[in-house]
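Heads up, upload-v4.json below (JSON, N, CA and C atoms and all ligand atoms):
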```json
[["chain", "number", "residue", "atom", "x", "y", "z"],
["A", 1, "MET", "N", -6.65, -2.05, 14.03],
["A", 1, "MET", "CA", -5.69, -2.59, 13.08],
["A", 1, "MET", "C", -5.93, -2.00, 11.70],
["A", 2, "TYR", "N", -4.87, -1.56, 11.06],
["A", 2, "TYR", "CA", -5.02, -1.03, 9.72],
["A", 2, "TYR", "C", -3.74, -1.24, 8.93],
["A", 3, "TYR", "N", -3.88, -1.06, 7.65],
["A", 3, "TYR", "CA", -2.72, -1.18, 6.77],
["A", 3, "TYR", "C", -2.41, 0.18, 6.15],
["A", 4, "VAL", "N", -1.27, 0.27, 5.53],
["A", 4, "VAL", "CA", -0.90, 1.52, 4.88],
["A", 4, "VAL", "C", -0.67, 1.26, 3.40],
["A", 5, "CYS", "N", -1.25, 2.12, 2.58],
["A", 5, "CYS", "CA", -1.11, 1.97, 1.14],
["A", 5, "CYS", "C", 0.29, 2.39, 0.71],
["A", 6, "PHE", "N", 0.90, 1.56, -0.09],
["A", 6, "PHE", "CA", 2.26, 1.85, -0.53],
["A", 6, "PHE", "C", 2.29, 3.02, -1.51],
["A", 7, "ASP", "N", 1.23, 3.20, -2.24],
["A", 7, "ASP", "CA", 1.20, 4.24, -3.27],
["A", 7, "ASP", "C", 0.89, 5.61, -2.70],
["A", 8, "CYS", "N", -0.19, 5.72, -1.95],
["A", 8, "CYS", "CA", -0.62, 7.03, -1.47],
["A", 8, "CYS", "C", -0.31, 7.24, 0.01],
["A", 9, "GLY", "N", 0.05, 6.15, 0.70],
["A", 9, "GLY", "CA", 0.46, 6.28, 2.09],
["A", 9, "GLY", "C", -0.68, 6.51, 3.05],
["A", 10, "LYS", "N", -1.90, 6.30, 2.59],
["A", 10, "LYS", "CA", -3.05, 6.49, 3.48],
["A", 10, "LYS", "C", -3.35, 5.23, 4.27],
["A", 11, "LYS", "N", -3.95, 5.44, 5.41],
["A", 11, "LYS", "CA", -4.33, 4.30, 6.24],
["A", 11, "LYS", "C", -5.57, 3.63, 5.67],
["A", 12, "VAL", "N", -5.51, 2.30, 5.60],
["A", 12, "VAL", "CA", -6.64, 1.54, 5.07],
["A", 12, "VAL", "C", -7.14, 0.62, 6.17],
["A", 13, "GLU", "N", -8.40, 0.77, 6.49],
["A", 13, "GLU", "CA", -8.98, -0.03, 7.56],
["A", 13, "GLU", "C", -9.06, -1.50, 7.17],
["A", 14, "ASP", "N", -9.13, -2.34, 8.16],
["A", 14, "ASP", "CA", -9.18, -3.79, 7.95],
["A", 14, "ASP", "C", -10.29, -4.22, 7.00],
["A", 15, "GLU", "N", -11.42, -3.54, 7.08],
["A", 15, "GLU", "CA", -12.57, -3.96, 6.29],
["A", 15, "GLU", "C", -12.32, -3.87, 4.79],
["A", 16, "TYR", "N", -11.37, -3.04, 4.39],
["A", 16, "TYR", "CA", -11.08, -2.89, 2.97],
["A", 16, "TYR", "C", -10.06, -3.90, 2.49],
["A", 17, "ILE", "N", -9.35, -4.46, 3.42],
["A", 17, "ILE", "CA", -8.29, -5.40, 3.07],
["A", 17, "ILE", "C", -8.84, -6.63, 2.36],
["A", 18, "ALA", "N", -10.07, -6.97, 2.64],
["A", 18, "ALA", "CA", -10.68, -8.13, 1.99],
["A", 18, "ALA", "C", -10.72, -7.93, 0.48],
["A", 19, "LYS", "N", -10.73, -6.68, 0.06],
["A", 19, "LYS", "CA", -10.75, -6.38, -1.38],
["A", 19, "LYS", "C", -9.35, -6.30, -1.95],
["A", 20, "ILE", "N", -8.38, -6.35, -1.06],
["A", 20, "ILE", "CA", -6.97, -6.28, -1.47],
["A", 20, "ILE", "C", -6.71, -5.06, -2.35],
["A", 21, "ARG", "N", -7.28, -3.96, -1.97],
["A", 21, "ARG", "CA", -6.92, -2.75, -2.72],
["A", 21, "ARG", "C", -7.23, -1.51, -1.90],
["A", 22, "CYS", "N", -6.52, -0.47, -2.23],
["A", 22, "CYS", "CA", -6.69, 0.78, -1.52],
["A", 22, "CYS", "C", -7.95, 1.49, -2.01],
["A", 23, "PRO", "N", -8.85, 1.89, -1.11],
["A", 23, "PRO", "CA", -10.10, 2.56, -1.50],
["A", 23, "PRO", "C", -9.86, 3.98, -1.98],
["A", 24, "TYR", "N", -8.67, 4.50, -1.78],
["A", 24, "TYR", "CA", -8.39, 5.89, -2.16],
["A", 24, "TYR", "C", -7.80, 6.00, -3.56],
["A", 25, "CYS", "N", -6.78, 5.18, -3.84],
["A", 25, "CYS", "CA", -6.11, 5.30, -5.14],
["A", 25, "CYS", "C", -6.19, 4.02, -5.95],
["A", 26, "GLY", "N", -6.75, 2.96, -5.36],
["A", 26, "GLY", "CA", -6.88, 1.71, -6.10],
["A", 26, "GLY", "C", -5.61, 0.89, -6.08],
["A", 27, "GLY", "N", -4.63, 1.33, -5.32],
["A", 27, "GLY", "CA", -3.37, 0.60, -5.24],
["A", 27, "GLY", "C", -3.56, -0.78, -4.64],
["A", 28, "LYS", "N", -2.77, -1.70, -5.09],
["A", 28, "LYS", "CA", -2.90, -3.07, -4.61],
["A", 28, "LYS", "C", -1.75, -3.47, -3.70],
["A", 29, "ILE", "N", -0.91, -2.51, -3.40],
["A", 29, "ILE", "CA", 0.20, -2.83, -2.50],
["A", 29, "ILE", "C", -0.06, -2.20, -1.14],
["A", 30, "LEU", "N", -0.32, -3.05, -0.17],
["A", 30, "LEU", "CA", -0.59, -2.56, 1.17],
["A", 30, "LEU", "C", 0.34, -3.27, 2.14],
["A", 31, "TYR", "N", 0.73, -2.57, 3.16],
["A", 31, "TYR", "CA", 1.57, -3.21, 4.16],
["A", 31, "TYR", "C", 1.11, -2.83, 5.55],
["A", 32, "LYS", "N", 1.43, -3.68, 6.48],
["A", 32, "LYS", "CA", 1.03, -3.41, 7.85],
["A", 32, "LYS", "C", 1.88, -2.29, 8.44],
["A", 33, "ASP", "N", 1.22, -1.46, 9.18],
["A", 33, "ASP", "CA", 1.94, -0.41, 9.87],
["A", 33, "ASP", "C", 2.55, -1.03, 11.12],
["A", 34, "ARG", "N", 3.85, -1.18, 11.09],
["A", 34, "ARG", "CA", 4.52, -1.89, 12.19],
["A", 34, "ARG", "C", 5.33, -0.96, 13.06],
["A", 35, "ARG", "N", 4.97, 0.29, 13.01],
["A", 35, "ARG", "CA", 5.76, 1.26, 13.78],
["A", 35, "ARG", "C", 5.79, 0.93, 15.26],
["A", 36, "THR", "N", 4.71, 0.32, 15.71],
["A", 36, "THR", "CA", 4.62, 0.06, 17.15],
["A", 36, "THR", "C", 5.50, -1.09, 17.58],
["A", 37, "VAL", "N", 5.94, -1.91, 16.63],
["A", 37, "VAL", "CA", 6.73, -3.07, 17.01],
["A", 37, "VAL", "C", 8.17, -2.97, 16.50],
["A", 38, "VAL", "N", 8.42, -1.92, 15.74],
["A", 38, "VAL", "CA", 9.78, -1.76, 15.22],
["A", 38, "VAL", "C", 10.73, -1.30, 16.32],
["A", 39, "LYS", "N", 11.81, -2.01, 16.42],
["A", 39, "LYS", "CA", 12.81, -1.62, 17.42],
["A", 39, "LYS", "C", 14.10, -1.22, 16.72],
["A", 40, "ILE", "N", 14.57, -0.06, 17.08],
["A", 40, "ILE", "CA", 15.80, 0.43, 16.46],
["A", 40, "ILE", "C", 16.96, 0.22, 17.43],
["A", 41, "LYS", "N", 17.97, -0.42, 16.90],
["A", 41, "LYS", "CA", 19.16, -0.64, 17.74],
["A", 41, "LYS", "C", 20.01, 0.62, 17.79],
["A", 42, "ALA", "N", 19.98, 1.26, 18.90],
["A", 42, "ALA", "CA", 20.79, 2.45, 19.07],
["A", 42, "ALA", "C", 21.99, 2.11, 19.93],
["A", 43, "LYS", "N", 23.13, 2.52, 19.48],
["A", 43, "LYS", "CA", 24.32, 2.17, 20.25],
["A", 43, "LYS", "C", 25.14, 3.41, 20.57],
["B", 101, "ZN", "ZN", -3.67, 4.26, -1.95]]
```

Encoding of this model in structure tokens:
Amino acid sequence: MYYVCFDCGKKVEDEYIAKIRCPYCGGKILYKDRRTVVKIKAK
């Protein structure tokens, strides 16, 4: 499980989430990578 930094787009491991910040750029906006659960309605 990991999150993605909104600023630099790098993957952030769970262990860093406790600090609520990106270890690479210091960004505080992180979101879950939900690509695996996203469903696109194709018609
Ligand atoms: Zn970052």

Rank nothing, just name the residue among A:Cys25, A:Val12, A:Tyr2, A:Lys41 nearest to ligand ZN 101 (chain B), using all atoms listed in the file.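 Smallest separation from ligand ZN 101 (chain B) among the options: A:Cys25.
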
For ligand ZN 101 (chain B), list the contacting residues at 6 Å or closer, counting only N, CA and C atoms and all ligand atoms, as a list in words.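 The residues near ligand ZN 101 (chain B) are Cys5, Phe6, Asp7, Cys8, Gly9, Lys10, Cys22, Pro23, Tyr24, Cys25, Gly26 and Gly27 of chain A.
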
Interatomic distance (Å, one decimal) between atom N of A:Lys28 and atom CA of A:Met1: 18.4 Å

Could you complete stretch 1-12 of chain A so that it carries all heavy atoms, and give it back as a PDB file, keeping the file's coordinate frame?
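Listing of selection03.pdb after writing:
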```pdb
ATOM      1  N   MET A   1      -6.650  -2.050  14.030  1.00  0.00           N
ATOM      2  CA  MET A   1      -5.690  -2.590  13.080  1.00  0.00           C
ATOM      3  C   MET A   1      -5.930  -2.000  11.700  1.00  0.00           C
ATOM      4  O   MET A   1      -7.051  -1.930  11.233  1.00  0.00           O
ATOM      5  CB  MET A   1      -5.833  -4.106  13.010  1.00  0.00           C
ATOM      6  CG  MET A   1      -4.768  -4.762  12.153  1.00  0.00           C
ATOM      7  SD  MET A   1      -3.138  -4.380  12.764  1.00  0.00           S
ATOM      8  CE  MET A   1      -2.190  -5.637  11.925  1.00  0.00           C
ATOM      9  N   TYR A   2      -4.870  -1.560  11.060  1.00  0.00           N
ATOM     10  CA  TYR A   2      -5.020  -1.030   9.720  1.00  0.00           C
ATOM     11  C   TYR A   2      -3.740  -1.240   8.930  1.00  0.00           C
ATOM     12  O   TYR A   2      -2.698  -1.534   9.477  1.00  0.00           O
ATOM     13  CB  TYR A   2      -5.371   0.454   9.764  1.00  0.00           C
ATOM     14  CG  TYR A   2      -4.328   1.316  10.435  1.00  0.00           C
ATOM     15  CD1 TYR A   2      -3.239   1.792   9.735  1.00  0.00           C
ATOM     16  CD2 TYR A   2      -4.444   1.622  11.783  1.00  0.00           C
ATOM     17  CE1 TYR A   2      -2.277   2.568  10.352  1.00  0.00           C
ATOM     18  CE2 TYR A   2      -3.484   2.389  12.415  1.00  0.00           C
ATOM     19  CZ  TYR A   2      -2.398   2.865  11.704  1.00  0.00           C
ATOM     20  OH  TYR A   2      -1.446   3.633  12.315  1.00  0.00           O
ATOM     21  N   TYR A   3      -3.880  -1.060   7.650  1.00  0.00           N
ATOM     22  CA  TYR A   3      -2.720  -1.180   6.770  1.00  0.00           C
ATOM     23  C   TYR A   3      -2.410   0.180   6.150  1.00  0.00           C
ATOM     24  O   TYR A   3      -3.216   1.089   6.227  1.00  0.00           O
ATOM     25  CB  TYR A   3      -3.002  -2.192   5.655  1.00  0.00           C
ATOM     26  CG  TYR A   3      -3.082  -3.613   6.151  1.00  0.00           C
ATOM     27  CD1 TYR A   3      -4.139  -4.056   6.927  1.00  0.00           C
ATOM     28  CD2 TYR A   3      -2.077  -4.512   5.827  1.00  0.00           C
ATOM     29  CE1 TYR A   3      -4.204  -5.355   7.375  1.00  0.00           C
ATOM     30  CE2 TYR A   3      -2.123  -5.826   6.263  1.00  0.00           C
ATOM     31  CZ  TYR A   3      -3.195  -6.244   7.040  1.00  0.00           C
ATOM     32  OH  TYR A   3      -3.252  -7.522   7.476  1.00  0.00           O
ATOM     33  N   VAL A   4      -1.270   0.270   5.530  1.00  0.00           N
ATOM     34  CA  VAL A   4      -0.900   1.520   4.880  1.00  0.00           C
ATOM     35  C   VAL A   4      -0.670   1.260   3.400  1.00  0.00           C
ATOM     36  O   VAL A   4       0.001   0.320   3.011  1.00  0.00           O
ATOM     37  CB  VAL A   4       0.389   2.097   5.487  1.00  0.00           C
ATOM     38  CG1 VAL A   4       0.805   3.375   4.755  1.00  0.00           C
ATOM     39  CG2 VAL A   4       0.188   2.375   6.972  1.00  0.00           C
ATOM     40  N   CYS A   5      -1.250   2.120   2.580  1.00  0.00           N
ATOM     41  CA  CYS A   5      -1.110   1.970   1.140  1.00  0.00           C
ATOM     42  C   CYS A   5       0.290   2.390   0.710  1.00  0.00           C
ATOM     43  O   CYS A   5       0.788   3.432   1.114  1.00  0.00           O
ATOM     44  CB  CYS A   5      -2.167   2.813   0.426  1.00  0.00           C
ATOM     45  SG  CYS A   5      -1.959   2.801  -1.378  1.00  0.00           S
ATOM     46  N   PHE A   6       0.900   1.560  -0.090  1.00  0.00           N
ATOM     47  CA  PHE A   6       2.260   1.850  -0.530  1.00  0.00           C
ATOM     48  C   PHE A   6       2.290   3.020  -1.510  1.00  0.00           C
ATOM     49  O   PHE A   6       3.270   3.754  -1.578  1.00  0.00           O
ATOM     50  CB  PHE A   6       2.854   0.605  -1.199  1.00  0.00           C
ATOM     51  CG  PHE A   6       4.295   0.768  -1.602  1.00  0.00           C
ATOM     52  CD1 PHE A   6       5.308   0.634  -0.658  1.00  0.00           C
ATOM     53  CD2 PHE A   6       4.631   1.059  -2.905  1.00  0.00           C
ATOM     54  CE1 PHE A   6       6.636   0.796  -1.024  1.00  0.00           C
ATOM     55  CE2 PHE A   6       5.962   1.229  -3.280  1.00  0.00           C
ATOM     56  CZ  PHE A   6       6.964   1.095  -2.337  1.00  0.00           C
ATOM     57  N   ASP A   7       1.230   3.200  -2.240  1.00  0.00           N
ATOM     58  CA  ASP A   7       1.200   4.240  -3.270  1.00  0.00           C
ATOM     59  C   ASP A   7       0.890   5.610  -2.700  1.00  0.00           C
ATOM     60  O   ASP A   7       1.590   6.576  -2.966  1.00  0.00           O
ATOM     61  CB  ASP A   7       0.168   3.883  -4.344  1.00  0.00           C
ATOM     62  CG  ASP A   7       0.654   2.743  -5.216  1.00  0.00           C
ATOM     63  OD1 ASP A   7       1.881   2.620  -5.388  1.00  0.00           O
ATOM     64  OD2 ASP A   7      -0.174   1.988  -5.726  1.00  0.00           O
ATOM     65  N   CYS A   8      -0.190   5.720  -1.950  1.00  0.00           N
ATOM     66  CA  CYS A   8      -0.620   7.030  -1.470  1.00  0.00           C
ATOM     67  C   CYS A   8      -0.310   7.240   0.010  1.00  0.00           C
ATOM     68  O   CYS A   8      -0.400   8.335   0.517  1.00  0.00           O
ATOM     69  CB  CYS A   8      -2.098   7.253  -1.750  1.00  0.00           C
ATOM     70  SG  CYS A   8      -3.188   6.193  -0.802  1.00  0.00           S
ATOM     71  N   GLY A   9       0.050   6.150   0.700  1.00  0.00           N
ATOM     72  CA  GLY A   9       0.460   6.280   2.090  1.00  0.00           C
ATOM     73  C   GLY A   9      -0.680   6.510   3.050  1.00  0.00           C
ATOM     74  O   GLY A   9      -0.470   6.863   4.209  1.00  0.00           O
ATOM     75  N   LYS A  10      -1.900   6.300   2.590  1.00  0.00           N
ATOM     76  CA  LYS A  10      -3.050   6.490   3.480  1.00  0.00           C
ATOM     77  C   LYS A  10      -3.350   5.230   4.270  1.00  0.00           C
ATOM     78  O   LYS A  10      -3.038   4.123   3.833  1.00  0.00           O
ATOM     79  CB  LYS A  10      -4.272   6.903   2.658  1.00  0.00           C
ATOM     80  CG  LYS A  10      -4.147   8.313   2.125  1.00  0.00           C
ATOM     81  CD  LYS A  10      -5.471   8.779   1.561  1.00  0.00           C
ATOM     82  CE  LYS A  10      -5.367  10.228   1.092  1.00  0.00           C
ATOM     83  NZ  LYS A  10      -6.652  10.755   0.634  1.00  0.00           N
ATOM     84  N   LYS A  11      -3.950   5.440   5.410  1.00  0.00           N
ATOM     85  CA  LYS A  11      -4.330   4.300   6.240  1.00  0.00           C
ATOM     86  C   LYS A  11      -5.570   3.630   5.670  1.00  0.00           C
ATOM     87  O   LYS A  11      -6.532   4.294   5.318  1.00  0.00           O
ATOM     88  CB  LYS A  11      -4.615   4.761   7.673  1.00  0.00           C
ATOM     89  CG  LYS A  11      -3.392   5.320   8.367  1.00  0.00           C
ATOM     90  CD  LYS A  11      -3.767   5.820   9.750  1.00  0.00           C
ATOM     91  CE  LYS A  11      -2.548   6.446  10.441  1.00  0.00           C
ATOM     92  NZ  LYS A  11      -2.905   7.005  11.771  1.00  0.00           N
ATOM     93  N   VAL A  12      -5.510   2.300   5.600  1.00  0.00           N
ATOM     94  CA  VAL A  12      -6.640   1.540   5.070  1.00  0.00           C
ATOM     95  C   VAL A  12      -7.140   0.620   6.170  1.00  0.00           C
ATOM     96  O   VAL A  12      -6.393  -0.198   6.693  1.00  0.00           O
ATOM     97  CB  VAL A  12      -6.215   0.714   3.849  1.00  0.00           C
ATOM     98  CG1 VAL A  12      -7.410  -0.052   3.298  1.00  0.00           C
ATOM     99  CG2 VAL A  12      -5.628   1.623   2.775  1.00  0.00           C
TER     100      VAL A  12
END
```
